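Colleague: Quick one: this structure, given as structure tokens, is what I'll be asking you about.
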Amino acid sequence: MVSLLARFLRENRELSTLIICALISLTLLALPPAVKNAVSFIVSTPTLGPVKRVTSGATELLRVRRENTALRRLTIELMEERSGLLACRHENDRLRELTSFLIAFEEEERFEMIPASVIGMPGGRVLEGIEIDRGLEHGITAGMPVIVSEGLVGKISTAFPGRSLIEPLTSASSAVAVTVERSRVRGIVRPRYRSAAELLSWEMDYVPARSDIQAGDRVVTSGLGGVYPPGLVVGEVTLASEGPLTMTVAVKLAVEFATTEQVFIVTGRADREPGRGDRLEELARTLLRNTPGDELELPGNLSGDEPDSLGESTALDPGEAER
Amino acid sequence: MRMGPYIATCVLAVVLDATLAPEIEILGARPDFAVLVIVYGALLMGGRTPIISGFLMGLVADSELPEYLGLNALALAITGYLASKLLDHLVKANIFVQCTVIAGATLLHDAIYYVVYYRNHLDLFGRFFVHQALLGAVYTAMLGAVIYAVARAANWRGVTSASHW
């Protein structure tokens, strides 16, 4: 029997190999789970173990690479978003500042004002004019004072349909009747030029010798001449030196013209006490005008009063002392 | 073919089955590199080589799933034996013959393996066989055709010329 089996195996080597393999396989399948686990561990540790380690490392590397690419893309998107948010924040800050200025100024001075955006700054090395996006149809006329939250900008020199030109304090022909806030010494602030193209500084003229002026004093409009209402900040005294007859007083203007984006045109003095509804409506309109592409509409009855406040205002007359 | 390169190919097949095959899965079907190597082992060497190599490759593959330790070894050993026997009677150098044998061997291996794996849920086995095993067999056969093309381009002896066997 054994010899027969041995002979069969010798003559059918392939089949006998298969039978042996099958017997081993079936034995392995029949092993208890714990033994199977042990055998698997013994088999896989020297064979698939190192491969698994290498491939899991490679897979991890690929995953990290994919994640890195995704994170880079996300970073770019976030940076773009951040840039947009910063622009929004800047605009928000600017509008907040303008709104608070508007509220304070209106409550204090009772002026009627129209907000406008700067759309151009003609001139070479010296700023000769500022172009804004409000014109005749908005009630703008020549001679109206123009201010920002920091102080006086200048006055309207020419009004056109849809736009106007401001004559800023940098203009060679500019002259403002001022007073030193602390000591009430009066004078006229004008620009001083070295040449036609080179502005040196601003000086306060017609200040008598031994006047009470010190560096750091605030200079405001005096209201004389009628072009500018009194109390608007013009600048600060930087130098005050005695002369034989008059004092030489250098003034640093309060407004930074190069970075001005939004201005207010003082269209007149309000005759009546404005209601809260009026102010809110005007503020809302100001904000809407400063938000391009915004489709918001204000309800007609936002204001408690009829919208005729501009019609009741009184325009200021340009004076002789101020040009 | 010498035994050294063949063993190296077997090791590579096991590694590829464990690493690359899941990555190149198409519609749930993945190629079976072990079956490919067994069929080419039967093609080039014949005899007991495909049986033993199939058994060993199966054993290593089984170590991944200890519950069925020995099942892959059994399926691949049977596949190797039948492929070797079948190719004794066929024109081995014909690419279509090779691809058909590869597809048949893949199906045979899957049938043996999954009929035991799904022994309590034969309906699942039928569904798997129709949806994935057939596609996997075609996939593996196409891979075999690619290997044939590469072998022909590289002028490998044995794979593309029946005269060498």
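For the structure tokens, the naming scheme is as follows: chains receive sequential letters (A, B, ...) according to their order of presentation, residues are indexed from 1 within each chain, and ligands are indexed from 1 in presentation order.
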May I have all residues of region 11-258 of chain A that DSSP, computed from the backbone, assigns to strand (DSSP E or B), given as an NGL selection string?

Modeller: :A and (111-120 or 123 or 127 or 130-132 or 145-148 or 151-160 or 163-168 or 176-180 or 186-195 or 198-205 or 208 or 218-221 or 233-242 or 246-253)

Colleague: Using only C-alpha atoms, which chain A residues lie at most 6 Å away from chain B, written as a list of chain:residue names?

Modeller: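 Here is what falls inside 6 Å: A:Glu14, A:Ala22, A:Ser25, A:Leu28, A:Leu29, A:Lys36, A:Asn37, A:Ser40, A:Ser44.
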
Colleague: Keeping only N, CA and C atoms, write those residues as a PDB file, in the first residue's frame.

Modeller:
ATOM      1  N   GLU A  14       3.446  16.444  -9.972  1.00  0.00           N
ATOM      2  CA  GLU A  14       2.694  17.713  -9.872  1.00  0.00           C
ATOM      3  C   GLU A  14       1.454  17.523  -9.000  1.00  0.00           C
ATOM      4  N   ALA A  22      -2.367  21.180  -0.647  1.00  0.00           N
ATOM      5  CA  ALA A  22      -3.769  21.231  -0.227  1.00  0.00           C
ATOM      6  C   ALA A  22      -3.916  20.741   1.203  1.00  0.00           C
ATOM      7  N   SER A  25      -2.698  23.402   3.478  1.00  0.00           N
ATOM      8  CA  SER A  25      -3.670  24.504   3.495  1.00  0.00           C
ATOM      9  C   SER A  25      -4.867  24.149   4.350  1.00  0.00           C
ATOM     10  N   LEU A  28      -4.010  24.252   7.938  1.00  0.00           N
ATOM     11  CA  LEU A  28      -3.940  25.635   8.428  1.00  0.00           C
ATOM     12  C   LEU A  28      -5.338  26.205   8.647  1.00  0.00           C
ATOM     13  N   LEU A  29      -6.238  25.905   7.707  1.00  0.00           N
ATOM     14  CA  LEU A  29      -7.611  26.406   7.833  1.00  0.00           C
ATOM     15  C   LEU A  29      -8.302  25.842   9.067  1.00  0.00           C
ATOM     16  N   LYS A  36      -3.686  30.219  14.423  1.00  0.00           N
ATOM     17  CA  LYS A  36      -3.671  30.895  13.115  1.00  0.00           C
ATOM     18  C   LYS A  36      -3.019  32.272  13.225  1.00  0.00           C
ATOM     19  N   ASN A  37      -3.392  32.977  14.285  1.00  0.00           N
ATOM     20  CA  ASN A  37      -2.808  34.316  14.487  1.00  0.00           C
ATOM     21  C   ASN A  37      -1.299  34.233  14.644  1.00  0.00           C
ATOM     22  N   SER A  40       0.228  33.397  11.312  1.00  0.00           N
ATOM     23  CA  SER A  40       0.171  34.597  10.448  1.00  0.00           C
ATOM     24  C   SER A  40       1.261  35.585  10.826  1.00  0.00           C
ATOM     25  N   SER A  44       3.993  36.756   8.326  1.00  0.00           N
ATOM     26  CA  SER A  44       3.952  38.133   7.806  1.00  0.00           C
ATOM     27  C   SER A  44       5.104  39.004   8.301  1.00  0.00           C
TER      28      SER A  44
END

Colleague: What is the distance, in Å and to one decimal place, between CA of Pro115 (chain A) and CA of Pro191 (chain A)?

Modeller: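 Taking CA of Pro115 (chain A) and CA of Pro191 (chain A), their separation equals 26.4 Å.
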
Colleague: Of the residues B:Met45, B:Gln132, B:Ile147, B:Tyr40, which is the one nearest to Ala111 (chain B), using only C-alpha atoms?

Modeller: B:Gln132

Colleague: Using only C-alpha atoms, which residues sit within 9 Å of Gly144 (chain B) once same-chain residues fewer than 6 positions away are excluded, as number ranges by chain?

Modeller: B: 36, 95, 98-99, 102

Colleague: Can you check which residues of region 3-163 of chain B DSSP gives as helix (DSSP H, G or I) on the backbone and send them as a count of residues only?

Modeller: 125

Colleague: Just how far from CA of Arg63 (chain A) is CA of Met79 (chain A), in Å to one decimal?

Modeller: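 For CA of Met79 (chain A) relative to CA of Arg63 (chain A), the distance reads 23.8 Å.
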
Colleague: Let me make sure I understand: among A:Ile188, A:Ala159, A:Leu98, A:Ile140, which one has the smallest atom-to-atom distance to Gly223 (chain A) if we use only C-alpha atoms?

Modeller: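 Ranked by minimum distance to Gly223 (chain A), first place goes to A:Ile188.
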
Colleague: So which residues touch Thr260 (chain A) within 10 Å, counting only C-alpha atoms, skipping near sequence neighbours fewer than 2 positions away, as a ChimeraX atom specification?

Modeller: /A:117-118,130,148,153,255-258,262-263

Colleague: As an exercise, work out the distance from CA of Pro22 (chain B) to CA of Val54 (chain A) in Å and give it to one decimal place.

Modeller: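 If I compute the distance from CA of Pro22 (chain B) to CA of Val54 (chain A), I get 15.9 Å.
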
Colleague: Env of Ser211 (chain A): 10 Å cut, atoms = only C-alpha atoms, seq-sep filter 3 positions within chain, self excluded. Answer as a PyMOL selection string.

Modeller: chain A and resi 183-186+207-208+214+240+242+246-247

Colleague: Which of these, B:Ala13, B:Val101, B:Leu90, B:Leu143, has the shortest distance to Val39 (chain B) once you count only C-alpha atoms?

Modeller: B:Val101
